[in-house]
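J.: I am sharing coords23.csv, which consists of CSV, C-alpha atoms:
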```csv
chain,number,residue,atom,x,y,z
D,29,MET,CA,21.5,-9.8,-12.0
D,30,SER,CA,21.1,-11.6,-8.7
D,31,ILE,CA,17.7,-11.3,-6.9
D,32,GLN,CA,19.6,-11.2,-3.6
D,33,THR,CA,21.9,-8.6,-2.0
D,34,SER,CA,24.8,-9.2,0.4
D,35,ASN,CA,22.7,-7.9,3.3
D,36,ASN,CA,20.0,-10.5,2.7
D,37,LYS,CA,17.6,-8.1,1.0
D,38,ILE,CA,15.8,-9.5,-2.0
D,39,ASN,CA,16.4,-7.1,-4.8
D,40,SER,CA,13.4,-8.2,-6.9
D,41,LEU,CA,11.1,-7.2,-4.0
D,42,GLN,CA,12.6,-3.7,-3.9
D,43,GLY,CA,11.8,-3.4,-7.6
D,44,LEU,CA,8.3,-4.6,-7.0
D,45,ARG,CA,7.7,-1.5,-5.0
D,46,VAL,CA,8.1,0.6,-8.2
D,47,ILE,CA,5.4,-1.5,-10.0
D,48,ALA,CA,3.0,-1.2,-7.0
D,49,PHE,CA,3.5,2.6,-6.9
D,50,LEU,CA,2.8,2.9,-10.7
D,51,GLY,CA,-0.5,1.1,-10.0
D,52,VAL,CA,-1.4,3.7,-7.4
D,53,PHE,CA,-0.2,6.5,-9.6
D,54,LEU,CA,-2.3,5.4,-12.6
D,55,THR,CA,-5.4,5.0,-10.5
D,56,HIS,CA,-5.1,8.6,-9.2
D,57,SER,CA,-4.8,9.9,-12.7
D,58,GLU,CA,-8.6,9.4,-12.8
D,59,ILE,CA,-8.7,6.9,-15.6
D,60,LYS,CA,-11.6,4.7,-14.5
D,61,GLU,CA,-10.1,1.5,-16.0
D,62,PHE,CA,-7.1,1.7,-13.7
D,63,GLY,CA,-9.2,1.8,-10.5
D,64,PRO,CA,-8.7,-1.9,-9.4
D,65,LEU,CA,-5.0,-1.6,-10.3
D,66,GLY,CA,-4.5,0.8,-7.5
D,67,ILE,CA,-6.4,-1.3,-5.0
D,68,GLN,CA,-4.3,-4.3,-6.0
D,69,SER,CA,-1.1,-2.2,-5.6
D,70,VAL,CA,-2.0,-1.1,-2.1
D,71,SER,CA,-2.6,-4.7,-1.1
D,72,ILE,CA,0.8,-5.6,-2.5
D,73,PHE,CA,2.4,-2.7,-0.5
D,74,TYR,CA,1.0,-3.9,2.8
D,75,ILE,CA,1.7,-7.6,2.3
D,76,LEU,CA,5.1,-6.8,1.0
D,77,SER,CA,5.8,-4.6,4.0
D,78,GLY,CA,4.9,-7.5,6.4
D,79,PHE,CA,6.9,-10.0,4.3
D,80,VAL,CA,10.1,-7.9,4.3
D,81,MET,CA,9.9,-6.9,8.0
D,82,LEU,CA,9.6,-10.6,9.0
D,83,LEU,CA,12.7,-11.4,7.0
D,84,SER,CA,14.6,-8.4,8.5
D,85,TYR,CA,13.7,-9.1,12.2
D,86,TYR,CA,13.1,-12.9,12.4
D,87,LYS,CA,15.3,-14.5,15.1
D,88,LYS,CA,17.4,-11.3,15.4
D,89,ASN,CA,16.5,-10.6,19.0
D,90,ARG,CA,16.1,-6.9,18.3
D,91,PHE,CA,13.1,-6.5,20.6
D,92,GLN,CA,14.3,-6.9,24.2
D,93,ASP,CA,11.3,-5.1,25.6
D,94,ILE,CA,7.8,-5.5,24.1
D,95,SER,CA,5.5,-2.9,25.7
D,96,ILE,CA,3.2,-0.2,24.6
D,97,ARG,CA,5.8,2.4,25.1
D,98,SER,CA,8.6,0.6,23.2
D,99,ASN,CA,6.3,-0.4,20.4
D,100,LEU,CA,5.2,3.2,20.0
D,101,LEU,CA,8.8,4.2,19.8
D,102,PHE,CA,9.5,1.5,17.2
D,103,ALA,CA,6.5,2.5,15.1
D,104,TRP,CA,7.5,6.2,15.3
D,105,ASN,CA,11.1,5.4,14.2
D,106,LYS,CA,9.7,3.6,11.1
D,107,VAL,CA,7.6,6.6,9.9
D,108,ARG,CA,9.5,9.6,11.2
D,109,GLY,CA,11.6,9.8,8.1
D,110,LEU,CA,8.4,10.5,6.1
D,111,TYR,CA,6.8,12.7,8.8
D,112,PRO,CA,8.2,16.1,7.7
D,113,LEU,CA,7.0,15.4,4.1
D,114,HIS,CA,3.6,14.3,5.4
D,115,ILE,CA,3.2,17.6,7.3
D,116,PHE,CA,4.4,19.6,4.3
D,117,THR,CA,2.0,17.9,1.8
D,118,THR,CA,-0.8,18.2,4.4
D,119,ILE,CA,-0.3,21.9,4.6
D,120,LEU,CA,-0.3,22.2,0.8
D,121,MET,CA,-3.5,20.3,0.6
D,122,LEU,CA,-5.1,22.1,3.5
D,123,VAL,CA,-5.3,25.2,1.3
D,124,PHE,CA,-7.8,23.5,-1.1
D,125,LEU,CA,-9.8,22.0,1.8
D,126,VAL,CA,-10.4,25.5,3.2
D,127,ARG,CA,-11.2,27.1,-0.2
D,128,SER,CA,-13.2,24.3,-1.8
D,129,ASP,CA,-16.0,24.0,0.7
D,130,ALA,CA,-17.6,27.1,2.2
D,131,ASP,CA,-19.7,24.8,4.5
D,132,HIS,CA,-16.7,23.5,6.3
D,133,HIS,CA,-16.7,24.3,10.0
D,134,LEU,CA,-13.5,25.6,11.5
D,135,LEU,CA,-13.8,23.1,14.2
D,136,LEU,CA,-13.9,20.2,11.7
D,137,LEU,CA,-10.8,21.6,9.9
D,138,PHE,CA,-9.1,21.8,13.3
D,139,VAL,CA,-10.1,18.2,14.2
D,140,LYS,CA,-8.9,16.9,10.9
D,141,LEU,CA,-5.6,18.7,11.1
D,142,LEU,CA,-5.0,17.5,14.7
D,143,LEU,CA,-5.8,13.8,13.7
D,144,ASN,CA,-3.5,14.1,10.7
D,145,LEU,CA,-0.7,15.4,12.9
D,146,PHE,CA,-0.9,12.3,15.1
D,147,LEU,CA,-1.5,10.0,12.1
D,148,ILE,CA,-4.7,8.7,13.6
D,149,GLN,CA,-7.1,10.2,11.1
D,150,GLU,CA,-8.4,6.9,9.7
D,151,TRP,CA,-9.6,5.7,13.1
D,152,PHE,CA,-12.6,7.9,12.8
D,153,PRO,CA,-15.3,7.9,9.9
D,154,LEU,CA,-14.7,11.5,9.0
D,155,ALA,CA,-15.3,12.7,5.5
D,156,ASN,CA,-12.0,12.9,3.7
D,157,ALA,CA,-10.2,12.4,7.0
D,158,SER,CA,-6.7,12.4,5.3
D,159,ILE,CA,-6.1,15.9,4.2
D,160,ASN,CA,-3.5,14.7,1.7
D,161,GLY,CA,-5.7,12.0,0.2
D,162,VAL,CA,-3.0,9.3,0.3
D,163,SER,CA,-1.7,9.9,3.8
D,164,TRP,CA,-4.2,7.4,5.2
D,165,TYR,CA,-1.6,4.8,4.2
D,166,LEU,CA,0.7,6.2,6.9
D,167,SER,CA,-2.1,6.0,9.5
D,168,VAL,CA,-2.6,2.3,8.8
D,169,SER,CA,1.2,1.6,8.6
D,170,LEU,CA,1.8,3.2,12.0
D,171,PHE,CA,-0.7,0.8,13.5
D,172,CYS,CA,0.9,-2.2,11.7
D,173,TYR,CA,4.4,-1.2,12.9
D,174,PHE,CA,3.1,-0.8,16.5
D,175,LEU,CA,1.8,-4.4,16.5
D,176,PHE,CA,4.7,-5.9,14.7
D,177,PRO,CA,6.8,-6.8,17.8
D,178,TYR,CA,3.8,-8.7,19.1
D,179,LEU,CA,3.3,-10.5,15.8
D,180,LEU,CA,7.0,-11.4,15.5
D,181,HIS,CA,7.1,-12.8,19.0
D,182,ALA,CA,4.1,-15.1,18.2
D,183,LEU,CA,5.3,-16.2,14.8
D,184,GLU,CA,8.8,-17.1,16.0
D,185,LYS,CA,7.2,-19.9,18.0
D,186,ILE,CA,5.9,-21.6,14.9
D,187,ARG,CA,8.3,-24.2,13.5
D,188,ASN,CA,6.2,-26.1,11.0
D,189,LYS,CA,5.4,-24.9,7.5
D,190,LYS,CA,2.0,-26.7,7.6
D,191,ASP,CA,1.0,-24.6,10.6
D,192,VAL,CA,1.9,-21.4,8.7
D,193,LEU,CA,-0.1,-22.5,5.7
D,194,LEU,CA,-3.1,-23.3,7.9
D,195,LEU,CA,-2.8,-19.8,9.5
D,196,LEU,CA,-2.7,-18.2,6.1
D,197,ILE,CA,-5.9,-20.1,5.0
D,198,LEU,CA,-7.6,-19.0,8.2
D,199,LEU,CA,-6.6,-15.4,7.6
D,200,PHE,CA,-7.9,-15.5,4.0
D,201,GLU,CA,-11.2,-16.9,5.3
D,202,PHE,CA,-11.5,-14.3,8.0
D,203,GLN,CA,-10.9,-11.5,5.5
D,204,PHE,CA,-13.7,-13.0,3.3
D,205,ILE,CA,-16.1,-13.2,6.2
D,206,LEU,CA,-15.3,-9.6,7.3
D,207,GLY,CA,-15.8,-8.4,3.8
D,208,LEU,CA,-19.2,-9.9,3.7
D,209,LEU,CA,-20.2,-8.6,7.1
D,210,VAL,CA,-19.0,-5.0,6.4
D,211,SER,CA,-20.6,-4.9,3.0
D,212,THR,CA,-24.0,-5.1,4.7
D,213,ILE,CA,-23.4,-2.0,6.9
D,214,SER,CA,-25.6,0.9,6.0
D,215,THR,CA,-24.2,4.4,6.1
D,216,PRO,CA,-26.0,6.5,8.7
D,217,ASN,CA,-27.6,9.7,7.5
D,218,ASP,CA,-25.5,12.7,8.4
D,219,SER,CA,-26.6,16.3,7.9
D,220,THR,CA,-23.5,17.9,9.5
D,221,GLY,CA,-21.1,17.1,6.7
D,222,TRP,CA,-18.6,15.7,9.2
D,223,PHE,CA,-18.8,12.0,8.5
D,224,THR,CA,-18.1,9.8,5.4
D,225,ASN,CA,-20.9,8.9,3.1
D,226,ASP,CA,-19.6,5.4,2.7
D,227,TYR,CA,-18.9,3.4,5.8
D,228,THR,CA,-18.2,0.2,3.8
D,229,TYR,CA,-15.4,1.8,1.8
D,230,TRP,CA,-13.9,3.4,4.9
D,231,LEU,CA,-14.0,0.2,7.0
D,232,THR,CA,-12.7,-2.2,4.3
D,233,TYR,CA,-10.1,0.1,2.7
D,234,LYS,CA,-8.8,2.5,5.3
D,235,PHE,CA,-9.7,1.4,8.9
D,236,PRO,CA,-6.4,0.3,10.5
D,237,PRO,CA,-7.7,-2.8,12.4
D,238,LEU,CA,-9.2,-4.3,9.2
D,239,ARG,CA,-6.4,-3.3,6.9
D,240,LEU,CA,-4.0,-4.9,9.4
D,241,PHE,CA,-4.9,-8.3,7.9
D,242,ASP,CA,-2.9,-7.7,4.8
D,243,PHE,CA,0.2,-6.9,6.9
D,244,ILE,CA,-0.3,-10.0,9.1
D,245,ILE,CA,-0.7,-12.1,5.9
D,246,GLY,CA,2.6,-10.7,4.7
D,247,THR,CA,4.4,-11.6,7.9
D,248,CYS,CA,3.1,-15.2,7.7
D,249,LEU,CA,4.2,-15.4,4.1
D,250,GLY,CA,7.6,-14.2,5.1
D,251,LEU,CA,7.7,-16.9,7.8
D,252,LEU,CA,6.8,-19.5,5.3
D,253,TYR,CA,9.6,-18.2,3.1
D,254,LYS,CA,12.1,-18.5,6.0
D,255,LEU,CA,11.0,-22.0,7.0
D,256,ARG,CA,11.2,-23.1,3.4
D,257,LEU,CA,14.8,-22.2,3.2
D,258,GLY,CA,15.9,-24.5,6.0
D,259,ASP,CA,19.0,-22.4,6.5
D,260,GLN,CA,17.8,-19.2,8.2
D,261,ASN,CA,21.0,-17.4,7.6
D,262,SER,CA,20.8,-17.3,3.7
D,263,LEU,CA,18.4,-16.4,1.0
D,264,PRO,CA,18.1,-18.1,-2.4
D,265,VAL,CA,19.8,-16.5,-5.3
D,266,GLY,CA,17.9,-18.3,-7.9
D,267,THR,CA,18.9,-21.2,-10.1
D,268,SER,CA,20.3,-20.9,-13.6
D,269,ASP,CA,18.7,-24.1,-14.8
D,270,SER,CA,16.8,-23.3,-18.0
D,271,ARG,CA,13.9,-25.6,-17.2
D,272,SER,CA,13.4,-24.0,-13.7
D,273,SER,CA,13.6,-20.6,-15.3
D,274,LEU,CA,11.0,-21.5,-17.9
D,275,LEU,CA,8.7,-22.7,-15.1
D,276,SER,CA,9.2,-19.4,-13.2
D,277,GLU,CA,8.3,-17.5,-16.4
D,278,PHE,CA,5.1,-19.5,-16.8
D,279,LYS,CA,4.1,-19.1,-13.1
D,280,ILE,CA,4.5,-15.3,-13.0
D,281,ILE,CA,2.8,-14.8,-16.4
D,282,SER,CA,-0.2,-16.9,-15.1
D,283,VAL,CA,-0.5,-14.9,-11.9
D,284,LEU,CA,-0.3,-11.6,-13.8
D,285,ILE,CA,-3.0,-12.7,-16.2
D,286,LEU,CA,-5.1,-13.8,-13.2
D,287,SER,CA,-4.7,-10.4,-11.6
D,288,ALA,CA,-5.7,-8.7,-14.9
D,289,LEU,CA,-8.8,-10.9,-15.3
D,290,LEU,CA,-9.7,-10.1,-11.7
D,291,GLU,CA,-9.6,-6.4,-12.3
D,292,ILE,CA,-11.7,-6.7,-15.5
D,293,PHE,CA,-14.2,-8.7,-13.5
D,294,VAL,CA,-14.4,-6.1,-10.8
D,295,LEU,CA,-15.0,-3.4,-13.4
D,296,SER,CA,-17.8,-5.3,-15.0
D,297,SER,CA,-21.4,-4.3,-14.1
D,298,THR,CA,-22.4,-8.0,-14.1
D,299,ALA,CA,-20.0,-8.6,-11.2
D,300,ALA,CA,-21.8,-6.0,-9.1
D,301,HIS,CA,-25.3,-7.2,-10.1
D,302,LEU,CA,-24.6,-10.9,-9.4
D,303,PHE,CA,-22.5,-10.8,-6.3
D,304,LEU,CA,-23.0,-7.6,-4.3
D,305,PRO,CA,-25.2,-8.0,-1.3
D,306,ASN,CA,-26.3,-4.3,-1.7
D,307,ASP,CA,-25.8,-1.4,-4.0
D,308,ASN,CA,-22.5,-0.4,-2.4
D,309,SER,CA,-20.0,-1.0,-5.2
D,310,HIS,CA,-17.1,-0.3,-2.9
D,311,TRP,CA,-17.6,-3.8,-1.4
D,312,TRP,CA,-15.1,-4.9,-4.1
D,313,THR,CA,-12.4,-2.9,-2.4
D,314,THR,CA,-12.2,-5.4,0.5
D,315,ALA,CA,-8.7,-6.7,0.8
D,316,PHE,CA,-9.5,-10.3,0.6
D,317,LEU,CA,-10.3,-10.0,-3.1
D,318,TYR,CA,-6.7,-8.9,-3.8
D,319,SER,CA,-4.7,-10.5,-1.1
D,320,ILE,CA,-4.3,-13.9,-2.7
D,321,PRO,CA,-3.1,-12.6,-6.1
D,322,SER,CA,-0.8,-10.2,-4.2
D,323,CYS,CA,0.7,-13.1,-2.2
D,324,LEU,CA,1.3,-15.1,-5.3
D,325,ILE,CA,3.0,-12.1,-7.0
D,326,ILE,CA,5.3,-11.5,-4.0
D,327,TRP,CA,6.1,-15.1,-3.6
D,328,LEU,CA,7.0,-15.8,-7.2
D,329,THR,CA,8.9,-12.5,-7.4
D,330,ALA,CA,11.0,-13.5,-4.4
D,331,THR,CA,11.6,-17.2,-5.2
D,332,GLY,CA,11.6,-17.4,-8.9
D,333,ASN,CA,14.3,-17.0,-11.5
D,334,SER,CA,12.0,-15.5,-14.2
D,335,PHE,CA,12.8,-12.5,-16.4
D,336,TRP,CA,10.3,-10.6,-14.2
D,337,SER,CA,12.4,-11.1,-11.1
D,338,ARG,CA,15.7,-10.4,-12.8
D,339,TRP,CA,14.3,-7.2,-14.3
D,340,LEU,CA,12.9,-6.0,-11.0
D,341,ALA,CA,16.3,-6.7,-9.4
D,342,SER,CA,18.1,-4.4,-11.9
D,343,ASN,CA,20.1,-1.5,-10.4
D,344,ARG,CA,17.8,1.0,-12.1
D,345,MET,CA,14.6,-0.5,-10.5
D,346,ILE,CA,16.3,-0.6,-7.1
D,347,LYS,CA,17.3,3.0,-7.4
D,348,LEU,CA,13.7,4.0,-8.4
D,349,ALA,CA,12.4,2.0,-5.4
D,350,ASP,CA,14.3,4.3,-3.1
D,351,TYR,CA,12.1,7.2,-4.2
D,352,THR,CA,8.7,5.5,-4.1
D,353,LYS,CA,8.2,6.2,-0.4
D,354,TYR,CA,8.4,10.0,-1.2
D,355,ALA,CA,6.6,9.7,-4.5
D,356,PHE,CA,3.6,8.1,-2.8
D,357,LEU,CA,3.0,11.1,-0.6
D,358,ILE,CA,4.0,13.7,-3.3
D,359,HIS,CA,2.1,12.6,-6.4
D,360,PHE,CA,-1.4,13.2,-5.1
D,361,THR,CA,-0.5,16.8,-4.2
D,362,VAL,CA,1.1,17.3,-7.6
D,363,PHE,CA,-2.0,16.0,-9.3
D,364,THR,CA,-4.2,18.3,-7.3
D,365,TYR,CA,-2.2,21.4,-8.1
D,366,LEU,CA,-1.9,20.4,-11.8
D,367,GLY,CA,-5.6,20.0,-12.0
D,368,VAL,CA,-6.3,23.4,-10.5
D,369,LEU,CA,-3.7,25.1,-12.7
D,370,THR,CA,-5.0,23.3,-15.9
D,371,LYS,CA,-8.6,24.4,-15.2
D,372,LEU,CA,-7.5,28.0,-14.6
D,373,LEU,CA,-5.4,28.2,-17.8
D,374,PHE,CA,-7.5,26.2,-20.2
D,375,GLY,CA,-11.0,25.7,-18.6
D,376,LYS,CA,-12.8,22.7,-17.1
D,377,LYS,CA,-13.8,21.3,-20.5
D,378,PHE,CA,-10.1,21.0,-21.5
D,379,TYR,CA,-9.3,19.4,-18.2
D,380,SER,CA,-12.1,16.8,-18.5
D,381,LEU,CA,-10.6,15.8,-21.9
D,382,TYR,CA,-6.9,15.9,-21.2
D,383,GLY,CA,-6.5,16.1,-17.5
D,384,SER,CA,-5.6,12.5,-17.1
D,385,CYS,CA,-3.0,12.7,-19.8
D,386,ILE,CA,-1.4,15.8,-18.2
D,387,LYS,CA,-1.2,14.0,-14.8
D,388,ILE,CA,0.4,10.9,-16.3
D,389,THR,CA,3.0,12.9,-18.3
D,390,ILE,CA,3.8,16.2,-16.5
D,391,GLY,CA,2.6,14.8,-13.2
D,392,MET,CA,5.1,11.9,-13.4
D,393,VAL,CA,8.0,14.1,-14.3
D,394,LEU,CA,7.2,16.5,-11.4
D,395,THR,CA,6.7,13.6,-9.0
D,396,ILE,CA,10.0,12.0,-9.9
D,397,PHE,CA,11.8,15.4,-9.7
D,398,LEU,CA,10.4,16.3,-6.3
D,399,SER,CA,11.0,12.8,-5.0
D,400,VAL,CA,14.7,12.9,-6.0
D,401,LEU,CA,14.9,16.4,-4.5
D,402,THR,CA,13.3,15.3,-1.2
D,403,ASP,CA,15.7,12.3,-1.1
D,404,GLN,CA,18.7,14.6,-1.5
D,405,ILE,CA,17.5,17.1,1.1
D,406,ILE,CA,17.0,14.2,3.6
D,407,ARG,CA,20.4,12.7,2.9
D,408,LYS,CA,22.1,16.1,3.4
D,409,LYS,CA,20.3,16.6,6.7
D,410,GLY,CA,21.3,13.1,7.7
D,411,HIS,CA,25.0,13.8,6.9
D,412,ARG,CA,24.9,16.9,9.0
```
Would it be possible to restate this file's structure as structure tokens?
T.:
Amino acid sequence: MSIQTSNNKINSLQGLRVIAFLGVFLTHSEIKEFGPLGIQSVSIFYILSGFVMLLSYYKKNRFQDISIRSNLLFAWNKVRGLYPLHIFTTILMLVFLVRSDADHHLLLLFVKLLLNLFLIQEWFPLANASINGVSWYLSVSLFCYFLFPYLLHALEKIRNKKDVLLLLILLFEFQFILGLLVSTISTPNDSTGWFTNDYTYWLTYKFPPLRLFDFIIGTCLGLLYKLRLGDQNSLPVGTSDSRSSLLSEFKIISVLILSALLEIFVLSSTAAHLFLPNDNSHWWTTAFLYSIPSCLIIWLTATGNSFWSRWLASNRMIKLADYTKYAFLIHFTVFTYLGVLTKLLFGKKFYSLYGSCIKITIGMVLTIFLSVLTDQIIRKKGHR
């Protein structure tokens, strides 16, 4: 199986989206040990998005006009296919928001709903700003897409691979410094119930300007990939040389082991005790901790000829990748409804024991089914 398609898409990177979604899915199943896996997966999503977009638009002259208005239109066109599903899942989750907290002000609910409608909910430190807990991803993505034409215009002026590598190093360093600075921020006392109780978590994980760095790193990685090719009109298919293939296997296994060790380290209490500047454990969710392993995974997946890359490039994985954009928004809602139903039928004790297993099994089946159904509905509307 080639890792490249005829239209210059890298098949293995399409399959990587499935793995990244599984990481997020397992994290939201509420099994503590999977926590860092989801954070790593989100980092992969953003870096991969920047990487793929650079490959798709580089030197194509598709932005004749770069302005606030045209960039807003471009960003909207990138997310509008998911917007109806976003609204639908938001309404489904709004029911629980109204019923679960008697202290919620109607004004607060209205503000949250309005911000979610415009996909700007994560620009403000509101408590649980995204009504569908995972829709914050769209809020950040919209901002990334809005800035992409500006980024592309700047990156197209770079001709030297060393300059790109230097830019990547600077971006990693800047992420590190930002992580340290933000980790020292104290959360203000709030008696109204409006604002988040963890400013560090919000800033490092969901605030669009800070999360933008993963996307920028992805575009720089994509430019490095382009410059590496020499011929900008073709993508490598991968070599069949057994020695090269063996080296690819070794590299990808090494990076996966590194990522696993990193996640174990993050989960350990000693890591927090030795390295955290304060008691805020969410400091470890800063993107810089995961951006370098994510870059390595994406790079080796795109350039290598390992079994990993060939497996991700299989037709089955590519087909599943088509559904991940819907599954990402759907699965959290499915989990919420499954949790409520399980508690009603079997009690809270049963849910505490088996809730995660129910989510991973029944939740996965329902998520796939609803994602396929959503895809078919959208395709039918498109044909009409």
J.: Of the candidates D:Phe91, D:Tyr233, D:Tyr86, D:Tyr111, which one gets nearest to Trp151 of chain D if we count all atoms listed in the file?
T.: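 Using all atoms listed in the file, Trp151 of chain D sits closest to D:Tyr233.
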J.: Looking at only C-alpha atoms, which of D:Leu135, D:Ala157, D:Leu170, D:Val162 is the one that sits closest to Asn99 of chain D?
T.: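 Once distances to Asn99 of chain D are computed over only C-alpha atoms, the minimum belongs to D:Leu170.
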J.: Which residue gives the smallest distance to Cys323 of chain D among D:Ala355, D:Leu401, D:Val283, D:Ile186, with only C-alpha atoms counted?
T.: D:Val283
J.: Measure the distance from atom CA of Trp104 of chain D to atom CA of Gln92 of chain D in Å and round it to one decimal.
T.: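 We find that atom CA of Trp104 of chain D and atom CA of Gln92 of chain D lie 17.2 Å from each other.
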J.: Looking at only C-alpha atoms, which of D:Arg239, D:Val168, D:Leu255, D:Asn160 is the one that sits closest to Lys185 of chain D?
T.: D:Leu255
